[in-house]
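Source file: coords-v4.cif; contents: mmCIF, C-alpha atoms.
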```cif
data_run
#
loop_
_atom_site.label_atom_id
_atom_site.label_comp_id
_atom_site.auth_asym_id
_atom_site.auth_seq_id
_atom_site.Cartn_x
_atom_site.Cartn_y
_atom_site.Cartn_z
CA MET A 1 22.32 36.30 -9.64
CA LEU A 2 18.59 36.31 -9.07
CA ASN A 3 17.33 36.57 -5.51
CA VAL A 4 14.11 34.61 -5.91
CA LEU A 5 10.89 34.60 -3.89
CA THR A 6 8.39 31.78 -3.76
CA PRO A 7 5.01 32.28 -5.46
CA ASP A 8 3.34 32.61 -2.05
CA GLU A 9 5.86 35.26 -1.04
CA VAL A 10 5.17 37.18 -4.24
CA SER A 11 1.43 37.13 -3.54
CA GLU A 12 2.06 38.50 -0.05
CA LEU A 13 4.41 41.14 -1.47
CA ILE A 14 1.66 42.35 -3.80
CA LYS A 15 -0.75 42.73 -0.86
CA GLU A 16 1.90 44.55 1.17
CA LYS A 17 3.16 46.97 -1.47
CA PHE A 18 0.02 47.82 -3.45
CA SER A 19 -3.35 49.19 -2.38
CA PRO A 20 -6.62 49.89 -4.20
CA LEU A 21 -6.48 53.11 -6.17
CA LYS A 22 -8.48 55.96 -4.66
CA ASN A 23 -10.87 58.35 -6.40
CA SER A 24 -11.03 56.14 -9.47
CA THR A 25 -14.77 55.64 -9.87
CA GLU A 26 -17.33 56.66 -12.44
CA ALA A 27 -21.02 56.13 -13.13
CA VAL A 28 -22.14 54.19 -16.20
CA GLY A 29 -25.51 53.13 -17.56
CA LEU A 30 -26.94 49.65 -17.18
CA ASP A 31 -26.01 48.61 -20.70
CA GLU A 32 -22.38 49.60 -20.12
CA ALA A 33 -21.94 48.07 -16.67
CA VAL A 34 -21.48 44.37 -17.45
CA GLY A 35 -17.91 43.23 -16.78
CA ARG A 36 -17.13 46.33 -14.75
CA VAL A 37 -16.06 46.35 -11.10
CA LEU A 38 -18.69 47.66 -8.69
CA ALA A 39 -17.28 50.62 -6.76
CA GLU A 40 -19.70 50.58 -3.82
CA ASP A 41 -22.33 48.39 -2.20
CA ILE A 42 -25.75 48.45 -3.82
CA THR A 43 -28.44 48.61 -1.13
CA ALA A 44 -32.13 48.39 -1.95
CA SER A 45 -34.38 51.35 -1.21
CA GLU A 46 -37.69 49.66 -2.07
CA TYR A 47 -39.49 46.32 -2.07
CA VAL A 48 -39.07 43.95 -5.01
CA PRO A 49 -41.67 42.82 -5.77
CA ASP A 50 -43.84 45.52 -4.24
CA PHE A 51 -46.89 43.24 -4.04
CA ASP A 52 -47.74 39.62 -3.36
CA ARG A 53 -47.77 37.73 -6.67
CA SER A 54 -48.55 34.32 -8.11
CA THR A 55 -45.93 32.01 -9.61
CA VAL A 56 -48.52 29.95 -11.54
CA ASP A 57 -51.65 30.32 -13.62
CA GLY A 58 -54.40 29.37 -11.24
CA TYR A 59 -56.67 30.46 -8.43
CA ALA A 60 -55.81 32.60 -5.44
CA LEU A 61 -57.66 31.39 -2.36
CA ARG A 62 -57.48 30.62 1.33
CA ALA A 63 -55.59 27.37 1.85
CA LYS A 64 -57.88 26.25 4.67
CA ASP A 65 -60.82 26.27 2.25
CA THR A 66 -59.22 23.40 0.32
CA PHE A 67 -58.06 21.13 3.15
CA GLY A 68 -59.20 17.55 2.55
CA CYS A 69 -60.41 18.07 -1.00
CA SER A 70 -59.83 15.49 -3.74
CA ASP A 71 -60.90 14.56 -7.27
CA ALA A 72 -63.90 12.81 -5.81
CA ILE A 73 -64.77 15.53 -3.33
CA PRO A 74 -63.57 18.90 -4.70
CA ALA A 75 -63.67 22.08 -2.64
CA LEU A 76 -66.37 24.33 -4.07
CA LEU A 77 -65.44 28.02 -4.06
CA THR A 78 -67.23 31.12 -5.31
CA LEU A 79 -65.41 32.89 -8.15
CA ARG A 80 -64.84 36.59 -7.46
CA GLY A 81 -63.49 37.29 -10.93
CA GLU A 82 -59.90 37.64 -12.10
CA VAL A 83 -56.84 39.85 -11.70
CA LEU A 84 -55.37 41.07 -15.00
CA MET A 85 -51.62 41.34 -15.56
CA GLY A 86 -50.28 44.76 -14.70
CA GLU A 87 -53.27 45.61 -12.53
CA SER A 88 -53.62 45.70 -8.76
CA ALA A 89 -55.86 43.35 -6.81
CA ASP A 90 -58.03 46.03 -5.20
CA PHE A 91 -60.44 43.72 -3.41
CA GLU A 92 -60.29 41.19 -0.59
CA LEU A 93 -61.26 37.54 -0.72
CA ASP A 94 -63.63 36.28 1.94
CA GLU A 95 -63.89 32.73 3.21
CA GLY A 96 -65.02 30.32 0.50
CA GLU A 97 -64.02 32.63 -2.36
CA CYS A 98 -61.31 32.51 -5.04
CA CYS A 99 -60.17 34.50 -8.04
CA TYR A 100 -58.22 33.68 -11.16
CA VAL A 101 -54.65 35.04 -11.25
CA PRO A 102 -52.15 34.61 -14.14
CA THR A 103 -48.49 33.86 -13.53
CA GLY A 104 -46.93 37.01 -12.07
CA GLY A 105 -50.30 38.55 -11.26
CA ALA A 106 -51.14 40.31 -8.00
CA ILE A 107 -52.72 38.35 -5.17
CA PRO A 108 -55.71 39.95 -3.45
CA ASN A 109 -55.80 40.43 0.30
CA GLY A 110 -57.31 37.51 2.13
CA ALA A 111 -55.69 34.87 -0.09
CA ASP A 112 -52.66 32.99 1.21
CA CYS A 113 -51.91 30.55 -1.61
CA CYS A 114 -52.46 29.75 -5.29
CA VAL A 115 -53.60 26.43 -6.73
CA MET A 116 -52.60 25.58 -10.30
CA ILE A 117 -55.38 25.73 -12.87
CA GLU A 118 -54.73 22.05 -13.69
CA TYR A 119 -56.29 21.16 -10.32
CA SER A 120 -59.48 23.15 -10.89
CA GLU A 121 -62.75 22.90 -12.77
CA ASP A 122 -65.04 25.77 -13.75
CA PHE A 123 -68.64 24.61 -13.37
CA GLY A 124 -69.91 27.62 -15.34
CA ASP A 125 -72.24 28.88 -12.61
CA GLY A 126 -69.72 31.02 -10.75
CA THR A 127 -68.41 28.03 -8.83
CA ILE A 128 -64.84 26.68 -9.09
CA GLY A 129 -64.02 23.15 -7.99
CA ILE A 130 -60.52 22.60 -6.50
CA SER A 131 -59.31 19.00 -6.48
CA LYS A 132 -55.95 19.43 -4.77
CA SER A 133 -55.51 21.12 -1.42
CA GLY A 134 -53.21 24.09 -1.10
CA ALA A 135 -50.83 25.14 1.68
CA PRO A 136 -50.21 28.65 3.02
CA GLY A 137 -47.60 30.38 0.83
CA GLN A 138 -47.83 27.79 -1.94
CA ASN A 139 -47.07 29.13 -5.44
CA MET A 140 -46.65 32.67 -4.12
CA ILE A 141 -43.94 35.30 -3.90
CA PHE A 142 -44.59 37.73 -1.10
CA ARG A 143 -43.84 41.44 -1.09
CA GLY A 144 -40.13 41.92 -0.45
CA ASP A 145 -39.25 38.23 -0.82
CA ASP A 146 -36.60 39.22 -3.37
CA VAL A 147 -35.48 42.63 -2.11
CA PHE A 148 -36.46 44.86 0.78
CA PRO A 149 -35.28 48.33 1.84
CA GLY A 150 -31.86 48.20 3.49
CA LYS A 151 -30.84 44.86 1.98
CA THR A 152 -27.36 44.83 0.44
CA VAL A 153 -27.87 43.12 -2.90
CA LEU A 154 -24.44 43.52 -4.51
CA GLU A 155 -21.16 44.18 -2.72
CA ARG A 156 -18.37 46.45 -3.89
CA GLY A 157 -15.58 44.72 -5.75
CA ARG A 158 -17.92 42.40 -7.62
CA VAL A 159 -17.39 42.04 -11.35
CA LEU A 160 -20.87 42.67 -12.68
CA ALA A 161 -22.42 39.82 -14.66
CA SER A 162 -25.57 39.81 -16.75
CA GLN A 163 -27.68 38.54 -13.85
CA ASP A 164 -26.43 41.44 -11.72
CA ILE A 165 -27.57 43.89 -14.38
CA GLY A 166 -31.01 42.29 -14.14
CA ALA A 167 -31.07 42.82 -10.38
CA LEU A 168 -30.03 46.46 -10.78
CA ALA A 169 -32.78 47.01 -13.33
CA ALA A 170 -35.34 45.43 -10.99
CA MET A 171 -34.34 47.89 -8.26
CA GLY A 172 -34.42 50.88 -10.59
CA VAL A 173 -30.67 51.48 -10.40
CA VAL A 174 -29.85 52.97 -13.79
CA SER A 175 -26.62 54.79 -12.93
CA VAL A 176 -24.09 52.23 -11.72
CA PRO A 177 -20.99 53.26 -9.72
CA VAL A 178 -18.00 51.36 -11.09
CA VAL A 179 -14.24 51.48 -10.84
CA LYS A 180 -12.65 53.29 -13.76
CA LYS A 181 -10.88 50.97 -16.12
CA LEU A 182 -7.17 50.69 -15.45
CA THR A 183 -4.84 51.61 -18.27
CA VAL A 184 -1.90 49.24 -18.69
CA GLY A 185 1.04 49.97 -20.95
CA ILE A 186 2.64 47.02 -22.76
CA ILE A 187 6.15 47.09 -24.16
CA SER A 188 7.93 44.25 -25.95
CA THR A 189 11.72 44.27 -26.06
CA GLY A 190 14.23 42.46 -28.21
CA ASP A 191 16.28 42.97 -31.37
CA GLU A 192 14.87 39.69 -32.66
CA LEU A 193 11.21 40.75 -32.61
CA VAL A 194 9.14 41.78 -35.63
CA PRO A 195 5.40 42.59 -35.81
CA PRO A 196 3.06 39.67 -36.59
CA GLU A 197 2.32 41.00 -40.06
CA GLU A 198 6.00 40.76 -41.06
CA LYS A 199 7.78 37.67 -42.34
CA PRO A 200 10.64 36.92 -39.90
CA ARG A 201 14.12 36.60 -41.32
CA ALA A 202 16.65 34.13 -39.98
CA GLY A 203 17.13 34.81 -36.26
CA GLN A 204 13.88 36.76 -35.94
CA VAL A 205 10.52 35.84 -34.40
CA ARG A 206 7.12 37.51 -34.39
CA ASP A 207 6.10 39.51 -31.33
CA VAL A 208 3.66 37.22 -29.53
CA ASN A 209 3.57 38.66 -26.03
CA SER A 210 2.22 42.16 -26.63
CA HIS A 211 -0.82 40.77 -28.44
CA MET A 212 -1.35 37.87 -26.04
CA LEU A 213 -1.11 40.22 -23.05
CA THR A 214 -3.46 42.74 -24.65
CA ALA A 215 -6.00 39.96 -25.21
CA MET A 216 -5.67 38.69 -21.63
CA LEU A 217 -5.99 42.10 -20.04
CA SER A 218 -8.79 43.29 -22.32
CA ALA A 219 -10.81 40.21 -21.40
CA PHE A 220 -10.05 41.09 -17.78
CA GLY A 221 -11.64 44.52 -18.20
CA VAL A 222 -8.47 46.59 -18.59
CA LYS A 223 -7.64 49.17 -21.22
CA CYS A 224 -4.30 48.45 -22.91
CA ILE A 225 -1.87 50.73 -24.71
CA ASN A 226 0.66 48.92 -26.87
CA TYR A 227 3.88 50.92 -27.03
CA GLY A 228 5.33 48.62 -29.65
CA ILE A 229 8.63 46.85 -29.90
CA SER A 230 11.74 48.34 -28.34
CA VAL A 231 15.21 47.33 -29.50
CA ASP A 232 17.79 46.30 -26.92
CA ASN A 233 18.95 49.84 -26.27
CA GLU A 234 18.79 50.96 -22.66
CA ALA A 235 18.35 54.66 -23.42
CA LYS A 236 15.52 54.08 -25.89
CA LEU A 237 13.80 51.57 -23.62
CA THR A 238 14.10 53.96 -20.67
CA GLU A 239 12.41 56.66 -22.71
CA LYS A 240 9.57 54.34 -23.69
CA VAL A 241 9.08 53.05 -20.14
CA THR A 242 9.08 56.59 -18.72
CA LYS A 243 6.44 57.64 -21.25
CA ALA A 244 4.29 54.60 -20.44
CA VAL A 245 4.53 55.25 -16.69
CA SER A 246 3.36 58.82 -17.18
CA GLU A 247 0.33 57.72 -19.21
CA CYS A 248 -0.73 54.45 -17.56
CA ASP A 249 -1.68 52.95 -14.21
CA ALA A 250 0.70 50.00 -14.67
CA VAL A 251 3.38 48.95 -17.14
CA LEU A 252 4.36 45.50 -18.40
CA ILE A 253 7.74 45.06 -20.06
CA SER A 254 8.08 41.80 -21.93
CA GLY A 255 11.62 40.48 -22.36
CA GLY A 256 14.91 41.69 -20.95
CA SER A 257 14.19 40.27 -17.50
CA SER A 258 17.05 37.82 -17.09
CA VAL A 259 20.68 38.62 -16.23
CA GLY A 260 22.22 39.03 -19.68
CA VAL A 261 24.39 41.99 -20.65
CA LYS A 262 21.63 43.58 -22.74
CA ASP A 263 18.85 42.91 -20.25
CA ALA A 264 18.22 46.43 -19.00
CA THR A 265 14.72 46.14 -17.53
CA CYS A 266 15.93 45.66 -13.97
CA ARG A 267 18.26 48.66 -14.15
CA ILE A 268 15.57 50.85 -15.69
CA ILE A 269 13.06 50.05 -12.94
CA GLU A 270 15.68 50.83 -10.30
CA SER A 271 16.49 54.13 -11.99
CA ILE A 272 12.91 55.43 -12.04
CA GLY A 273 11.40 53.73 -9.01
CA GLU A 274 11.78 50.93 -6.49
CA LEU A 275 12.79 47.37 -7.34
CA LEU A 276 10.69 44.91 -5.31
CA LEU A 277 11.84 41.55 -6.63
CA HIS A 278 13.91 39.89 -9.30
CA GLY A 279 13.13 36.22 -9.63
CA ILE A 280 10.30 33.87 -8.67
CA ALA A 281 10.87 30.23 -7.71
CA MET A 282 8.61 28.90 -10.44
CA LYS A 283 8.85 27.16 -13.80
CA PRO A 284 8.24 28.71 -16.22
CA GLY A 285 8.72 32.34 -15.24
CA LYS A 286 11.73 32.46 -12.92
CA PRO A 287 13.35 35.67 -14.29
CA THR A 288 10.43 37.94 -13.40
CA ILE A 289 10.90 41.49 -12.14
CA MET A 290 8.49 43.60 -10.14
CA GLY A 291 8.87 47.20 -9.06
CA LYS A 292 6.88 50.35 -8.51
CA CYS A 293 7.14 53.98 -9.51
CA GLY A 294 5.11 55.94 -7.01
CA GLU A 295 2.01 53.77 -6.64
CA LYS A 296 2.26 52.34 -10.15
CA PRO A 297 3.48 48.78 -10.63
CA LEU A 298 6.10 47.90 -13.21
CA VAL A 299 6.49 44.24 -14.12
CA GLY A 300 9.28 42.78 -16.19
CA LEU A 301 7.97 39.59 -17.81
CA PRO A 302 10.05 36.81 -19.35
CA GLY A 303 10.18 36.92 -23.12
CA HIS A 304 9.04 33.32 -23.55
CA PRO A 305 5.27 33.46 -24.19
CA VAL A 306 4.41 30.52 -21.93
CA ALA A 307 6.36 32.05 -19.05
CA ALA A 308 4.81 35.47 -19.68
CA TYR A 309 1.36 33.90 -19.72
CA PHE A 310 1.74 32.14 -16.38
CA VAL A 311 3.32 35.12 -14.63
CA THR A 312 0.50 37.34 -15.89
CA ARG A 313 -2.23 34.93 -14.81
CA LEU A 314 -0.70 34.16 -11.44
CA PHE A 315 0.56 37.58 -10.39
CA VAL A 316 -0.27 40.42 -12.79
CA LEU A 317 -4.03 39.80 -12.81
CA PRO A 318 -4.18 39.58 -8.98
CA LEU A 319 -2.07 42.74 -8.83
CA LEU A 320 -4.50 44.58 -11.10
CA SER A 321 -7.39 43.20 -9.05
CA ARG A 322 -5.72 44.67 -5.99
CA LEU A 323 -5.52 48.08 -7.63
CA MET A 324 -9.20 47.90 -8.62
CA GLY A 325 -10.41 46.53 -5.29
CA ARG A 326 -11.85 43.69 -7.32
CA GLU A 327 -12.97 40.27 -6.14
CA GLU A 328 -11.03 37.65 -8.04
CA PRO A 329 -12.53 34.19 -7.68
CA THR A 330 -10.74 31.26 -9.23
CA TYR A 331 -12.45 28.21 -10.62
CA THR A 332 -10.83 24.85 -9.99
CA VAL A 333 -11.76 21.24 -10.66
CA THR A 334 -10.19 18.04 -9.42
CA ALA A 335 -8.96 15.71 -12.14
CA ALA A 336 -6.78 12.62 -12.40
CA LEU A 337 -3.56 12.80 -14.39
CA SER A 338 -3.56 10.70 -17.54
CA GLU A 339 0.18 10.14 -17.23
CA SER A 340 3.03 10.78 -14.83
CA VAL A 341 4.65 14.21 -14.73
CA GLY A 342 8.20 14.78 -13.53
CA ALA A 343 9.45 17.83 -11.63
CA ASN A 344 12.87 18.12 -10.04
CA HIS A 345 13.69 21.80 -10.46
CA GLY A 346 13.24 22.95 -6.87
CA ARG A 347 10.62 25.41 -8.16
CA ALA A 348 6.86 25.42 -8.32
CA GLN A 349 6.11 23.96 -11.73
CA TYR A 350 3.03 24.93 -13.73
CA ALA A 351 1.71 22.78 -16.55
CA CYS A 352 -1.16 23.18 -19.00
CA VAL A 353 -3.71 20.41 -19.44
CA HIS A 354 -6.60 19.35 -21.62
CA LEU A 355 -9.64 18.13 -19.69
CA ARG A 356 -11.79 15.21 -20.78
CA TYR A 357 -14.18 12.69 -19.28
CA GLU A 358 -13.45 8.97 -19.30
CA ASN A 359 -16.00 6.60 -17.80
CA GLY A 360 -17.56 9.46 -15.88
CA LYS A 361 -14.25 10.62 -14.37
CA LEU A 362 -12.52 13.92 -15.18
CA ILE A 363 -9.06 13.37 -16.63
CA ALA A 364 -6.25 15.93 -16.96
CA VAL A 365 -4.02 15.34 -19.98
CA PRO A 366 -0.74 17.26 -19.66
CA VAL A 367 0.25 19.29 -22.71
CA ARG A 368 3.74 18.13 -23.59
CA SER A 369 5.98 20.75 -25.19
CA LYS A 370 9.45 22.16 -25.16
CA SER A 371 10.04 25.32 -23.16
CA GLY A 372 8.73 28.55 -24.63
CA LEU A 373 6.47 27.15 -27.35
CA ILE A 374 3.26 29.19 -27.59
CA THR A 375 1.28 26.18 -28.85
CA THR A 376 1.59 24.80 -25.32
CA LEU A 377 -1.13 27.28 -24.40
CA ALA A 378 -3.34 27.04 -27.46
CA GLY A 379 -6.46 25.05 -26.70
CA ALA A 380 -5.49 24.30 -23.09
CA ASP A 381 -8.45 24.05 -20.70
CA GLY A 382 -6.50 24.91 -17.57
CA TYR A 383 -3.32 24.33 -15.60
CA PHE A 384 -2.09 22.77 -12.39
CA CYS A 385 0.90 23.25 -10.12
CA ILE A 386 3.45 20.81 -8.73
CA ASP A 387 4.91 22.09 -5.47
CA ARG A 388 8.60 22.98 -5.43
CA ASP A 389 9.42 20.21 -2.94
CA CYS A 390 7.74 17.51 -5.05
CA GLU A 391 9.73 15.46 -7.55
CA GLY A 392 6.72 14.69 -9.70
CA LEU A 393 3.29 13.08 -9.74
CA PRO A 394 2.32 9.58 -10.88
CA LYS A 395 -0.35 8.63 -13.37
CA GLY A 396 -3.75 8.76 -11.71
CA ALA A 397 -2.75 11.35 -9.12
CA GLU A 398 -5.50 13.86 -8.45
CA VAL A 399 -4.59 17.47 -9.14
CA SER A 400 -6.42 20.74 -8.71
CA VAL A 401 -6.81 22.28 -12.16
CA THR A 402 -7.41 26.01 -12.44
CA VAL A 403 -9.83 26.41 -15.31
CA CYS A 404 -9.00 29.05 -17.90
CA ASN A 405 -12.00 31.34 -18.26
CA GLY A 406 -11.23 33.37 -21.34
CA ASN A 407 -8.37 35.55 -20.12
#
```
Output the file's structure as structure tokens, nothing else.
Amino acid sequence: MLNVLTPDEVSELIKEKFSPLKNSTEAVGLDEAVGRVLAEDITASEYVPDFDRSTVDGYALRAKDTFGCSDAIPALLTLRGEVLMGESADFELDEGECCYVPTGGAIPNGADCCVMIEYSEDFGDGTIGISKSGAPGQNMIFRGDDVFPGKTVLERGRVLASQDIGALAAMGVVSVPVVKKLTVGIISTGDELVPPEEKPRAGQVRDVNSHMLTAMLSAFGVKCINYGISVDNEAKLTEKVTKAVSECDAVLISGGSSVGVKDATCRIIESIGELLLHGIAMKPGKPTIMGKCGEKPLVGLPGHPVAAYFVTRLFVLPLLSRLMGREEPTYTVTAALSESVGANHGRAQYACVHLRYENGKLIAVPVRSKSGLITTLAGADGYFCIDRDCEGLPKGAEVSVTVCNGN
């Protein structure tokens, strides 16, 4: 019999039994850092920008020189010249003076705002008329507004996005400390499995899980090693699992996780390490196994692709995040069910949905399918959960949908 834990208990077990890996960092260049996990805080050592600059094409001036001006009565200022892009403003404006500054150009000392060129008129005699008053700080970025020495710009554990790479480049950080990619071994088990390129005979099916899991984990920033299909032979599977454990940071074994006579995954994990759980109170995915060999996790996933998918999303990815010390935000939206959904299994039930808008309201359309069909997942926009103590939800009920984000 399975001794099941609730999903919340499994999440707590992961936090209790697994810790971030130590001494697993490396430095990569800016162009290789996107999608990687930042290994340490990035703190600025200089000002960005390092000078006061304009955000518009216009005239740098003293705001008080324009107070009360209008189209009818413009403020008349003496033009001191212009500041060219890429050059410093090595002069100071006195009262009643202005200078032309392009967008992004340096602001000379003495000026405290910029007025857009649309509100000016060049009279051709060295005098500029300003028809709209400025305010101190208007249309300006001051030195250090973006970054200043000692400011923590990016925190460790962040998965670096393209905008983060831009911030690193602005600060001159060209060698980025990141967590080394985890290596995860993937093994599919079952006498009935054949590779996708083969035509299944009667009683056979193509191996879906190893390729689906590789895709999920690769999109998650993990290196995968596919150890192929193992027949239902305990000795051969033990040999393959032992090899994978020696070469990888974590191992996923797809299939062989229930309580059948040939289902050896549980016994193998016990023989080489510590069995942590066998069974999760969820649907799909109840016959899930989790163990560890040293500090390395071993997870026995159900053979059904839908069950393997949900267990991987809900527990394997957070487990790998834990090992990497990675932040793992989830993205949820609230949507109304398009139809009623039953649930009377005494387990947390997860269901895929399509999302669509109707009359300005977000609607979740449950994907109806028989258990284990991979097409349940294809094209789904997200999923929601019905609590184990709930017998179902009526049409129109609002649910929190976790949005699938490519992995």
Task: For atom CA of Val153 of chain A and atom CA of Met85 of chain A, the interatomic separation in Å (one decimal) - done: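 The value is 27.0 Å.
Evaluated against this file, the PyMOL selection byres ((chain A and resi 20-23) around 10) yields Lys15, Phe18, Ser19, Ser24, Thr25, Glu26, Val179, Lys180, Leu182, Asp249, Glu295, Lys296, Leu319, Leu320, Ser321, Arg322, Leu323, Met324, Gly325 and Arg326 of chain A.
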Open item on the list: For the provided coordinates, the residues matched by the PyMOL selection byres ((chain A and resi 221) around 7) should be stated as a ChimeraX atom specification.
Closed with: /A:35-36,181,217-220,222-223
Open item on the list: So the first atom is atom CA of Leu277 of chain A and the second is atom CA of Ala380 of chain A; what is the distance between them in Å, to one decimal place?
Closed with: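 Those two atoms sit 29.5 Å apart.
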Open item on the list: I need the residue nearest His278 of chain A from this list: A:Cys113, A:Cys266, A:Ile42, A:Val333. Use all atoms listed in the file for the distance.
Closed with: A:Cys266
Run the PyMOL selection byres ((chain A and resi 138) around 8) against the file shown and list the residues it catches, as a compact mmCIF listing (two decimals) with C-alpha atoms, in the coordinates of the input.
```txt
# COMPACT_ATOMS: atom_id res chain seq x y z
CA ASP A 112 -52.66 32.99 1.21
CA CYS A 113 -51.91 30.55 -1.61
CA CYS A 114 -52.46 29.75 -5.29
CA VAL A 115 -53.60 26.43 -6.73
CA GLY A 134 -53.21 24.09 -1.10
CA ALA A 135 -50.83 25.14 1.68
CA PRO A 136 -50.21 28.65 3.02
CA GLY A 137 -47.60 30.38 0.83
CA ASN A 139 -47.07 29.13 -5.44
CA MET A 140 -46.65 32.67 -4.12
```
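Taking atom CA of Leu160 of chain A and atom CA of Ala215 of chain A as the two end points, the separation is 19.6 Å.
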TODO: Tell me which of A:Val159, A:Ala308, A:Ala250, A:Ile272 sits closest to Lys286 of chain A, counting only C-alpha atoms.
DONE: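 Comparing A:Val159, A:Ala308, A:Ala250, A:Ile272 against Lys286 of chain A, the winner is A:Ala308.
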Open item on the list: My list of candidates is A:Asp232, A:Glu155, A:Glu197, A:Asp164. Which is closest to Thr43 of chain A when distances are computed with only C-alpha atoms?
Closed with: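 Counting only C-alpha atoms, the residue closest to Thr43 of chain A is A:Glu155.
Nearest to Lys64 of chain A of all the residues A:Lys132, A:Val48, A:Val28, A:Ala106 is A:Lys132, counting all atoms listed in the file.
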TODO: Write out as a list in words each polymer residue whose atoms come within 9 Å of Phe51 of chain A, counting only C-alpha atoms; drop sequence neighbours fewer than 6 positions from it.
DONE: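 Here the qualifying residues turn out to be Ser88, Ala106, Ile107, Ile141, Phe142, Arg143 and Gly144 of chain A.
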Kindly export the residues of the current selection with C-alpha atoms, as a JSON list (two decimals), in the coordinates of the input.
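Just written: again.json:
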```
[["chain", "number", "residue", "atom", "x", "y", "z"],
["A", 88, "SER", "CA", -53.62, 45.70, -8.76],
["A", 106, "ALA", "CA", -51.14, 40.31, -8.00],
["A", 107, "ILE", "CA", -52.72, 38.35, -5.17],
["A", 141, "ILE", "CA", -43.94, 35.30, -3.90],
["A", 142, "PHE", "CA", -44.59, 37.73, -1.10],
["A", 143, "ARG", "CA", -43.84, 41.44, -1.09],
["A", 144, "GLY", "CA", -40.13, 41.92, -0.45]]
```
Open item on the list: Report as a ChimeraX atom specification all protein, DNA and RNA residues lying within 12 Å of segment 395-402 of chain A, evaluated on only C-alpha atoms, omitting residues in the same chain fewer than 5 positions from it.
Closed with: /A:310,313-314,329-342,350-355,361-366,380-387
Writing out the chosen residues with C-alpha atoms as a PDB file, keeping the file's coordinate frame:
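Ended up saving to again.pdb:
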```pdb
ATOM      1  CA  PHE A 310       1.740  32.140 -16.380  1.00  0.00           C
ATOM      2  CA  ARG A 313      -2.230  34.930 -14.810  1.00  0.00           C
ATOM      3  CA  LEU A 314      -0.700  34.160 -11.440  1.00  0.00           C
ATOM      4  CA  PRO A 329     -12.530  34.190  -7.680  1.00  0.00           C
ATOM      5  CA  THR A 330     -10.740  31.260  -9.230  1.00  0.00           C
ATOM      6  CA  TYR A 331     -12.450  28.210 -10.620  1.00  0.00           C
ATOM      7  CA  THR A 332     -10.830  24.850  -9.990  1.00  0.00           C
ATOM      8  CA  VAL A 333     -11.760  21.240 -10.660  1.00  0.00           C
ATOM      9  CA  THR A 334     -10.190  18.040  -9.420  1.00  0.00           C
ATOM     10  CA  ALA A 335      -8.960  15.710 -12.140  1.00  0.00           C
ATOM     11  CA  ALA A 336      -6.780  12.620 -12.400  1.00  0.00           C
ATOM     12  CA  LEU A 337      -3.560  12.800 -14.390  1.00  0.00           C
ATOM     13  CA  SER A 338      -3.560  10.700 -17.540  1.00  0.00           C
ATOM     14  CA  GLU A 339       0.180  10.140 -17.230  1.00  0.00           C
ATOM     15  CA  SER A 340       3.030  10.780 -14.830  1.00  0.00           C
ATOM     16  CA  VAL A 341       4.650  14.210 -14.730  1.00  0.00           C
ATOM     17  CA  GLY A 342       8.200  14.780 -13.530  1.00  0.00           C
ATOM     18  CA  TYR A 350       3.030  24.930 -13.730  1.00  0.00           C
ATOM     19  CA  ALA A 351       1.710  22.780 -16.550  1.00  0.00           C
ATOM     20  CA  CYS A 352      -1.160  23.180 -19.000  1.00  0.00           C
ATOM     21  CA  VAL A 353      -3.710  20.410 -19.440  1.00  0.00           C
ATOM     22  CA  HIS A 354      -6.600  19.350 -21.620  1.00  0.00           C
ATOM     23  CA  LEU A 355      -9.640  18.130 -19.690  1.00  0.00           C
ATOM     24  CA  LYS A 361     -14.250  10.620 -14.370  1.00  0.00           C
ATOM     25  CA  LEU A 362     -12.520  13.920 -15.180  1.00  0.00           C
ATOM     26  CA  ILE A 363      -9.060  13.370 -16.630  1.00  0.00           C
ATOM     27  CA  ALA A 364      -6.250  15.930 -16.960  1.00  0.00           C
ATOM     28  CA  VAL A 365      -4.020  15.340 -19.980  1.00  0.00           C
ATOM     29  CA  PRO A 366      -0.740  17.260 -19.660  1.00  0.00           C
ATOM     30  CA  ALA A 380      -5.490  24.300 -23.090  1.00  0.00           C
ATOM     31  CA  ASP A 381      -8.450  24.050 -20.700  1.00  0.00           C
ATOM     32  CA  GLY A 382      -6.500  24.910 -17.570  1.00  0.00           C
ATOM     33  CA  TYR A 383      -3.320  24.330 -15.600  1.00  0.00           C
ATOM     34  CA  PHE A 384      -2.090  22.770 -12.390  1.00  0.00           C
ATOM     35  CA  CYS A 385       0.900  23.250 -10.120  1.00  0.00           C
ATOM     36  CA  ILE A 386       3.450  20.810  -8.730  1.00  0.00           C
ATOM     37  CA  ASP A 387       4.910  22.090  -5.470  1.00  0.00           C
TER      38      ASP A 387
END
```
Task: Using only C-alpha atoms: which of A:Asn209, A:Thr214, A:Gln349, A:Ser175 has the shortest distance to Glu391 of chain A - done: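 Checking each candidate against Glu391 of chain A, we get A:Gln349 as the closest.
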TODO: Name the closest residue to Glu46 of chain A among the candidates A:Thr78, A:Thr312, A:Thr152, A:Asn3; distances are taken between atoms, counting only C-alpha atoms.
DONE: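 Nearest to Glu46 of chain A: A:Thr152.
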Task: Residue contacts of Glu87 of chain A (9 Å, all atoms listed in the file) excluding same-chain residues fewer than 3 positions away, as a ChimeraX atom specification - done: /A:83-84,90,105-106
Open item on the list: Please list as a list of chain:residue names every residue within 8 Å of Ile130 of chain A, counting all atoms listed in the file and excluding residues in the same chain fewer than 2 positions away.
Closed with: A:Thr66, A:Cys69, A:Ser70, A:Pro74, A:Ala75, A:Leu76, A:Leu77, A:Val115, A:Tyr119, A:Ser120, A:Glu121, A:Ile128, A:Lys132, A:Ser133
